Amino acid sequence: MTTIKVPQNLSFKNAINFCNRLWNLDDDNNYEFNFANLKLVEPFTIAYVANEIQRFSLEKPQSNCTAINFEEDSFAADMGFYKAFGVEHSTEAGPAKAGVFIPLTTLFVADIHKEAELQDLTIGHILEDKAKQIAQTLTRNQDGDWVDTLTYSIREMMRNTVEHSESETIEYCAQYWPSKRLVEIALFDKGTGIKKSLSQNPCLEIDSDEDALQRALQPGISSKMYKGITPKNDAWQHSGYGLYMGNRICRNGGNFLIMSDNNAVFQDNEIKDTMQCHYNGTAIRLRIDTSTITKYSNMLSMYGREGNALAKEHAGDDVINPSIAATRLTKDFPQI
């Protein structure tokens, strides 16, 4: 039997290292995951590690995977950690001890399309409604700049999944720590990955997963809008600013993490770091310092202008300008 000890502190770096080691284990008939040391978990690492343990179990159908010493870990259980890879826990969901949280939740992309069709709305409208519900739950407010900023950020990350990843699901979980003035939102898909998506753009030469992530974080880089494609008169036009804007909002006091296939990029206002990983699909962590949130419309307008200027430096006359949706919520769309 191979015993796999889960680290005490599942920070994102520890979680990536743990999962990398997981895929390098020798073949065995029995794997035992020991959670005795686990003390600290975060929304992103809960979803990421749960997904990787589940995938590990599915890819070794001839082996028996079991879990021990998890019964005392009530918070991770409340967040849906153990349930995500098939382990029943006696604890039922309750209020978070350190703030407000949303447990691991799955949205089905087919249901989102069906909802949009039934309501005669765009996918963007449906995703904005869902993003706003998440923002309102975390902030315990119905409106205001906190709600608007989180709604916009979550909506744009969800749009990337629905419109580019070919994933059947969006998974998310989140937590707000009032004492730290910090919000963390984690979003996951099991789609084609950033590299394969951007490879649809014939104007880009993508050499690796790391190169794909670096390109995806640049403004005006899209798999569906490039030189030769005529822009549509559509507020939701693809323009390649969603990841850039989400990254920029997070870096104003917080940080941004994106993982796709074999590479991850972490960025805050001071450093940019890359790491090797083995995740099938794309995973994103938004960490937003709520004390830095100002009027959302001014903030998005400023970041949109900054992004457009950067895009012009690289693309010149071929620059892709941000769409209406790239810099505002639907309530601020121009009235036609």
# chains A, B, ... in the order shown; residues from 1 in each chain; ligands from 1
>>> residues_around(residues="Ser260 (chain A)", least_positions_apart="2", cutoff="7 Å", atoms="only C-alpha atoms", output="PyMOL selection string")
chain A and resi 193-194+258+262-264+279-283
>>> select_by_dssp(residues="region 88-297 of chain A", states="strand (DSSP E or B)", output="ChimeraX atom specification")
/A:100-108,169-177,182-189,255-267,272-289
>>> residues_around(residues="region 285-300 of chain A", least_positions_apart="2", cutoff="8 Å", atoms="only C-alpha atoms", output="MDAnalysis selection string")
chainID A and resid 44 145:146 148:149 181:187 245:247 249:258 283 302:304 327:328
>>> write_last_selection(atoms="C-alpha atoms", output="compact mmCIF listing (two decimals), in the first residue's frame")
# COMPACT_ATOMS: atom_id res chain seq x y z
CA PHE A 44 -8.80 27.35 -4.56
CA ASP A 145 -19.07 48.92 -5.63
CA TRP A 146 -18.00 45.71 -3.84
CA ASP A 148 -20.30 45.37 -8.85
CA THR A 149 -16.55 44.69 -8.87
CA ARG A 181 -10.60 42.55 3.92
CA LEU A 182 -9.95 39.74 1.47
CA VAL A 183 -12.16 37.84 -0.96
CA GLU A 184 -11.05 34.67 -2.75
CA ILE A 185 -13.00 33.19 -5.67
CA ALA A 186 -11.87 29.97 -7.35
CA LEU A 187 -13.23 28.87 -10.73
CA MET A 245 -9.08 43.00 -16.59
CA GLY A 246 -9.60 40.31 -13.94
CA ASN A 247 -5.85 40.12 -13.40
CA ILE A 249 -8.36 44.21 -10.59
CA CYS A 250 -6.77 41.52 -8.42
CA ARG A 251 -3.29 43.03 -8.59
CA ASN A 252 -4.57 46.23 -6.99
CA GLY A 253 -3.72 44.95 -3.50
CA GLY A 254 -4.54 41.27 -4.08
CA ASN A 255 -3.26 38.67 -6.53
CA PHE A 256 -4.22 36.52 -9.49
CA LEU A 257 -3.49 32.87 -10.26
CA ILE A 258 -4.25 30.99 -13.46
CA ALA A 283 -8.31 26.96 -13.03
CA MET A 302 -9.12 53.24 -16.19
CA TYR A 303 -7.95 49.63 -16.54
CA GLY A 304 -9.64 49.40 -19.95
CA THR A 327 -15.37 47.48 -19.29
CA ARG A 328 -18.81 47.50 -17.71
>>> closest_residue(among="A:Asp261, A:Glu117, A:Glu166, A:Glu313", to="His278 (chain A)", atoms="only C-alpha atoms")
A:Asp261
>>> atom_distance(atom1="CA of Asn269 (chain A)", atom2="CA of Arg215 (chain A)")
18.3 Å
>>> closest_residue(among="A:Glu163, A:Asp111, A:Asp129, A:Asp318", to="Thr192 (chain A)", atoms="only C-alpha atoms")
A:Glu163
>>> residues_around(residues="Glu115 (chain A)", least_positions_apart="3", cutoff="12 Å", atoms="only C-alpha atoms", output="ChimeraX atom specification")
/A:107-112,118-127,129-130
>>> write_last_selection(atoms="C-alpha atoms", output="PDB file, in the first residue's frame")
ATOM      1  CA  LEU A 107     -22.834  24.823 -12.982  1.00  0.00           C
ATOM      2  CA  PHE A 108     -23.621  22.911 -16.167  1.00  0.00           C
ATOM      3  CA  VAL A 109     -22.908  24.838 -19.358  1.00  0.00           C
ATOM      4  CA  ALA A 110     -25.839  23.177 -21.149  1.00  0.00           C
ATOM      5  CA  ASP A 111     -28.177  24.495 -18.440  1.00  0.00           C
ATOM      6  CA  ILE A 112     -26.773  28.016 -18.897  1.00  0.00           C
ATOM      7  CA  LEU A 118     -35.845  30.305 -22.335  1.00  0.00           C
ATOM      8  CA  GLN A 119     -35.401  33.878 -21.100  1.00  0.00           C
ATOM      9  CA  ASP A 120     -34.403  35.203 -24.547  1.00  0.00           C
ATOM     10  CA  LEU A 121     -31.205  36.659 -23.073  1.00  0.00           C
ATOM     11  CA  THR A 122     -27.535  36.435 -23.964  1.00  0.00           C
ATOM     12  CA  ILE A 123     -25.181  34.037 -22.208  1.00  0.00           C
ATOM     13  CA  GLY A 124     -23.484  37.115 -20.752  1.00  0.00           C
ATOM     14  CA  HIS A 125     -26.691  38.261 -19.053  1.00  0.00           C
ATOM     15  CA  ILE A 126     -27.245  34.832 -17.484  1.00  0.00           C
ATOM     16  CA  LEU A 127     -23.668  34.612 -16.235  1.00  0.00           C
ATOM     17  CA  ASP A 129     -26.929  37.195 -12.819  1.00  0.00           C
ATOM     18  CA  LYS A 130     -25.155  34.138 -11.414  1.00  0.00           C
TER      19      LYS A 130
END
>>> select_by_dssp(residues="region 50-295 of chain A", states="helix (DSSP H, G or I)", output="PyMOL selection string")
chain A and resi 50-58+74-78+81-84+109-119+123-139+145-165+194-198+209-216+242-250+290-292
>>> write_last_selection(atoms="C-alpha atoms", output="PDB file, in the first residue's frame")
ATOM      1  CA  ALA A  50     -10.245  17.523  -4.753  1.00  0.00           C
ATOM      2  CA  ASN A  51     -10.309  17.520  -8.558  1.00  0.00           C
ATOM      3  CA  GLU A  52      -6.829  16.013  -8.756  1.00  0.00           C
ATOM      4  CA  ILE A  53      -7.561  13.266  -6.218  1.00  0.00           C
ATOM      5  CA  GLN A  54     -10.744  12.425  -8.111  1.00  0.00           C
ATOM      6  CA  ARG A  55      -8.874  12.333 -11.446  1.00  0.00           C
ATOM      7  CA  PHE A  56      -6.091  10.251  -9.892  1.00  0.00           C
ATOM      8  CA  SER A  57      -8.663   7.703  -8.695  1.00  0.00           C
ATOM      9  CA  LEU A  58     -10.443   7.599 -12.069  1.00  0.00           C
ATOM     10  CA  SER A  74     -15.295  20.039   9.470  1.00  0.00           C
ATOM     11  CA  PHE A  75     -14.499  23.199   7.478  1.00  0.00           C
ATOM     12  CA  ALA A  76     -13.069  21.389   4.454  1.00  0.00           C
ATOM     13  CA  ALA A  77     -16.088  19.086   4.635  1.00  0.00           C
ATOM     14  CA  ASP A  78     -18.432  22.090   4.724  1.00  0.00           C
ATOM     15  CA  PHE A  81     -13.824  18.985  -0.298  1.00  0.00           C
ATOM     16  CA  TYR A  82     -14.294  15.327   0.634  1.00  0.00           C
ATOM     17  CA  LYS A  83     -17.604  14.948  -1.168  1.00  0.00           C
ATOM     18  CA  ALA A  84     -15.930  16.077  -4.414  1.00  0.00           C
ATOM     19  CA  VAL A 109     -22.908  24.838 -19.358  1.00  0.00           C
ATOM     20  CA  ALA A 110     -25.839  23.177 -21.149  1.00  0.00           C
ATOM     21  CA  ASP A 111     -28.177  24.495 -18.440  1.00  0.00           C
ATOM     22  CA  ILE A 112     -26.773  28.016 -18.897  1.00  0.00           C
ATOM     23  CA  HIS A 113     -27.487  27.877 -22.634  1.00  0.00           C
ATOM     24  CA  LYS A 114     -30.974  26.537 -21.980  1.00  0.00           C
ATOM     25  CA  GLU A 115     -31.673  29.282 -19.430  1.00  0.00           C
ATOM     26  CA  ALA A 116     -30.538  31.949 -21.900  1.00  0.00           C
ATOM     27  CA  GLU A 117     -32.792  30.521 -24.607  1.00  0.00           C
ATOM     28  CA  LEU A 118     -35.845  30.305 -22.335  1.00  0.00           C
ATOM     29  CA  GLN A 119     -35.401  33.878 -21.100  1.00  0.00           C
ATOM     30  CA  ILE A 123     -25.181  34.037 -22.208  1.00  0.00           C
ATOM     31  CA  GLY A 124     -23.484  37.115 -20.752  1.00  0.00           C
ATOM     32  CA  HIS A 125     -26.691  38.261 -19.053  1.00  0.00           C
ATOM     33  CA  ILE A 126     -27.245  34.832 -17.484  1.00  0.00           C
ATOM     34  CA  LEU A 127     -23.668  34.612 -16.235  1.00  0.00           C
ATOM     35  CA  GLU A 128     -23.834  38.128 -14.831  1.00  0.00           C
ATOM     36  CA  ASP A 129     -26.929  37.195 -12.819  1.00  0.00           C
ATOM     37  CA  LYS A 130     -25.155  34.138 -11.414  1.00  0.00           C
ATOM     38  CA  ALA A 131     -22.012  36.147 -10.680  1.00  0.00           C
ATOM     39  CA  LYS A 132     -24.060  38.786  -8.876  1.00  0.00           C
ATOM     40  CA  GLN A 133     -25.666  36.137  -6.655  1.00  0.00           C
ATOM     41  CA  ILE A 134     -22.195  34.951  -5.645  1.00  0.00           C
ATOM     42  CA  ALA A 135     -21.035  38.526  -4.987  1.00  0.00           C
ATOM     43  CA  GLN A 136     -24.121  39.323  -2.896  1.00  0.00           C
ATOM     44  CA  THR A 137     -23.671  36.171  -0.819  1.00  0.00           C
ATOM     45  CA  LEU A 138     -20.012  36.921  -0.103  1.00  0.00           C
ATOM     46  CA  THR A 139     -20.417  40.624   0.698  1.00  0.00           C
ATOM     47  CA  ASP A 145     -19.067  48.919  -5.633  1.00  0.00           C
ATOM     48  CA  TRP A 146     -18.001  45.712  -3.840  1.00  0.00           C
ATOM     49  CA  VAL A 147     -20.868  43.820  -5.409  1.00  0.00           C
ATOM     50  CA  ASP A 148     -20.299  45.370  -8.846  1.00  0.00           C
ATOM     51  CA  THR A 149     -16.545  44.691  -8.869  1.00  0.00           C
ATOM     52  CA  LEU A 150     -16.937  41.059  -7.807  1.00  0.00           C
ATOM     53  CA  THR A 151     -19.853  40.561 -10.207  1.00  0.00           C
ATOM     54  CA  TYR A 152     -17.836  41.854 -13.142  1.00  0.00           C
ATOM     55  CA  SER A 153     -14.737  39.800 -12.259  1.00  0.00           C
ATOM     56  CA  ILE A 154     -16.640  36.541 -11.769  1.00  0.00           C
ATOM     57  CA  ARG A 155     -18.754  37.087 -14.894  1.00  0.00           C
ATOM     58  CA  GLU A 156     -15.721  37.564 -17.121  1.00  0.00           C
ATOM     59  CA  MET A 157     -14.000  34.433 -15.818  1.00  0.00           C
ATOM     60  CA  MET A 158     -17.192  32.416 -16.344  1.00  0.00           C
ATOM     61  CA  ARG A 159     -17.567  33.805 -19.864  1.00  0.00           C
ATOM     62  CA  ASN A 160     -14.101  32.528 -20.725  1.00  0.00           C
ATOM     63  CA  THR A 161     -15.144  29.033 -19.701  1.00  0.00           C
ATOM     64  CA  VAL A 162     -18.465  29.029 -21.556  1.00  0.00           C
ATOM     65  CA  GLU A 163     -17.223  30.738 -24.716  1.00  0.00           C
ATOM     66  CA  HIS A 164     -13.733  29.267 -25.126  1.00  0.00           C
ATOM     67  CA  SER A 165     -13.045  26.125 -23.089  1.00  0.00           C
ATOM     68  CA  ILE A 194      -5.679  27.902 -22.855  1.00  0.00           C
ATOM     69  CA  LYS A 195      -3.050  26.669 -25.325  1.00  0.00           C
ATOM     70  CA  LYS A 196      -5.489  24.748 -27.498  1.00  0.00           C
ATOM     71  CA  SER A 197      -8.015  27.584 -27.345  1.00  0.00           C
ATOM     72  CA  LEU A 198      -5.544  30.294 -28.419  1.00  0.00           C
ATOM     73  CA  ASP A 209       1.403  26.156 -22.056  1.00  0.00           C
ATOM     74  CA  GLU A 210       3.450  28.870 -20.336  1.00  0.00           C
ATOM     75  CA  ASP A 211       3.567  30.923 -23.528  1.00  0.00           C
ATOM     76  CA  ALA A 212      -0.202  30.499 -23.923  1.00  0.00           C
ATOM     77  CA  LEU A 213      -0.869  31.779 -20.392  1.00  0.00           C
ATOM     78  CA  GLN A 214       1.442  34.763 -20.847  1.00  0.00           C
ATOM     79  CA  ARG A 215      -0.359  35.649 -24.087  1.00  0.00           C
ATOM     80  CA  ALA A 216      -3.820  35.143 -22.577  1.00  0.00           C
ATOM     81  CA  GLY A 242     -11.467  39.507 -19.794  1.00  0.00           C
ATOM     82  CA  LEU A 243      -8.428  37.806 -18.245  1.00  0.00           C
ATOM     83  CA  TYR A 244      -6.391  41.007 -18.413  1.00  0.00           C
ATOM     84  CA  MET A 245      -9.082  42.999 -16.590  1.00  0.00           C
ATOM     85  CA  GLY A 246      -9.603  40.313 -13.941  1.00  0.00           C
ATOM     86  CA  ASN A 247      -5.851  40.121 -13.402  1.00  0.00           C
ATOM     87  CA  ARG A 248      -5.567  43.916 -13.159  1.00  0.00           C
ATOM     88  CA  ILE A 249      -8.361  44.211 -10.591  1.00  0.00           C
ATOM     89  CA  CYS A 250      -6.771  41.517  -8.419  1.00  0.00           C
ATOM     90  CA  THR A 290     -11.758  44.875  -0.672  1.00  0.00           C
ATOM     91  CA  SER A 291     -10.138  47.949   0.918  1.00  0.00           C
ATOM     92  CA  THR A 292      -8.799  48.954  -2.517  1.00  0.00           C
TER      93      THR A 292
END
>>> atom_distance(atom1="CA of Arg21 (chain A)", atom2="CA of Gly80 (chain A)")
23.2 Å
>>> atom_distance(atom1="CA of Tyr176 (chain A)", atom2="CA of Ser301 (chain A)")
25.6 Å
>>> residues_around(residues="region 230-239 of chain A", least_positions_apart="6", cutoff="7 Å", atoms="only C-alpha atoms", output="PyMOL selection string")
chain A and resi 220+222+224+320-325
>>> residues_around(residues="Asp73 (chain A)", least_positions_apart="2", cutoff="12 Å", atoms="only C-alpha atoms", output="list in words")
Gln8, Phe35, Ala36, Asn37, Leu38, Lys39, Leu40, Val41, Ile68, Asn69, Phe70, Glu71, Phe75, Ala76, Ala77, Asp78, Met79, Gly80, Phe81, Tyr82, His89, Ser90, Thr91 and Glu92 of chain A
>>> write_last_selection(atoms="N, CA and C atoms", output="CSV table (one decimal), in the first residue's frame")
chain,number,residue,atom,x,y,z
A,8,GLN,N,0.1,19.8,5.9
A,8,GLN,CA,-0.7,20.5,6.9
A,8,GLN,C,-1.2,21.8,6.3
A,35,PHE,N,-5.3,12.4,5.9
A,35,PHE,CA,-5.5,13.8,6.1
A,35,PHE,C,-5.3,14.2,7.6
A,36,ALA,N,-4.5,13.4,8.3
A,36,ALA,CA,-4.3,13.7,9.7
A,36,ALA,C,-3.7,15.1,10.0
A,37,ASN,N,-2.8,15.5,9.1
A,37,ASN,CA,-2.0,16.7,9.3
A,37,ASN,C,-2.7,18.0,8.8
A,38,LEU,N,-3.7,17.8,7.9
A,38,LEU,CA,-4.3,18.9,7.2
A,38,LEU,C,-5.0,19.9,8.2
A,39,LYS,N,-4.5,21.1,8.2
A,39,LYS,CA,-5.1,22.2,9.1
A,39,LYS,C,-5.6,23.4,8.3
A,40,LEU,N,-4.9,23.8,7.2
A,40,LEU,CA,-5.2,25.0,6.5
A,40,LEU,C,-5.6,24.7,5.1
A,41,VAL,N,-6.8,25.1,4.7
A,41,VAL,CA,-7.2,25.0,3.3
A,41,VAL,C,-7.8,26.3,2.9
A,68,ILE,N,-8.3,8.3,5.1
A,68,ILE,CA,-8.3,8.1,6.6
A,68,ILE,C,-8.0,9.5,7.3
A,69,ASN,N,-8.4,9.6,8.5
A,69,ASN,CA,-8.2,10.7,9.4
A,69,ASN,C,-8.7,12.0,8.9
A,70,PHE,N,-9.9,12.0,8.3
A,70,PHE,CA,-10.5,13.2,7.8
A,70,PHE,C,-11.7,13.6,8.6
A,71,GLU,N,-12.1,12.8,9.6
A,71,GLU,CA,-13.4,13.1,10.3
A,71,GLU,C,-13.4,14.4,11.1
A,75,PHE,N,-14.4,22.1,8.4
A,75,PHE,CA,-14.5,23.2,7.5
A,75,PHE,C,-14.3,22.7,6.0
A,76,ALA,N,-13.3,21.9,5.8
A,76,ALA,CA,-13.1,21.4,4.5
A,76,ALA,C,-14.3,20.6,4.0
A,77,ALA,N,-14.9,19.9,5.0
A,77,ALA,CA,-16.1,19.1,4.6
A,77,ALA,C,-17.2,20.0,4.3
A,78,ASP,N,-17.4,21.1,5.0
A,78,ASP,CA,-18.4,22.1,4.7
A,78,ASP,C,-18.2,22.7,3.3
A,79,MET,N,-17.0,22.8,2.9
A,79,MET,CA,-16.7,23.4,1.6
A,79,MET,C,-16.9,22.4,0.5
A,80,GLY,N,-17.2,21.2,0.8
A,80,GLY,CA,-17.4,20.2,-0.2
A,80,GLY,C,-16.2,19.4,-0.7
A,81,PHE,N,-15.1,19.6,0.1
A,81,PHE,CA,-13.8,19.0,-0.3
A,81,PHE,C,-13.9,17.5,-0.4
A,82,TYR,N,-14.3,16.8,0.6
A,82,TYR,CA,-14.3,15.3,0.6
A,82,TYR,C,-15.4,14.8,-0.3
A,89,HIS,N,-18.7,12.5,4.6
A,89,HIS,CA,-18.3,13.1,5.9
A,89,HIS,C,-19.5,13.4,6.7
A,90,SER,N,-19.5,13.2,8.0
A,90,SER,CA,-20.6,13.4,8.9
A,90,SER,C,-21.1,14.8,9.0
A,91,THR,N,-20.1,15.8,8.8
A,91,THR,CA,-20.4,17.2,9.0
A,91,THR,C,-21.3,17.7,8.0
A,92,GLU,N,-22.4,18.5,8.3
A,92,GLU,CA,-23.2,19.1,7.4
A,92,GLU,C,-22.8,20.6,7.2
>>> closest_residue(among="A:Asn17, A:Met225, A:Ile271, A:Gln335", to="Val319 (chain A)", atoms="only C-alpha atoms")
A:Met225
>>> closest_residue(among="A:Gln62, A:Asn308, A:Gln276, A:Asn141", to="Ile221 (chain A)", atoms="only C-alpha atoms")
A:Asn308
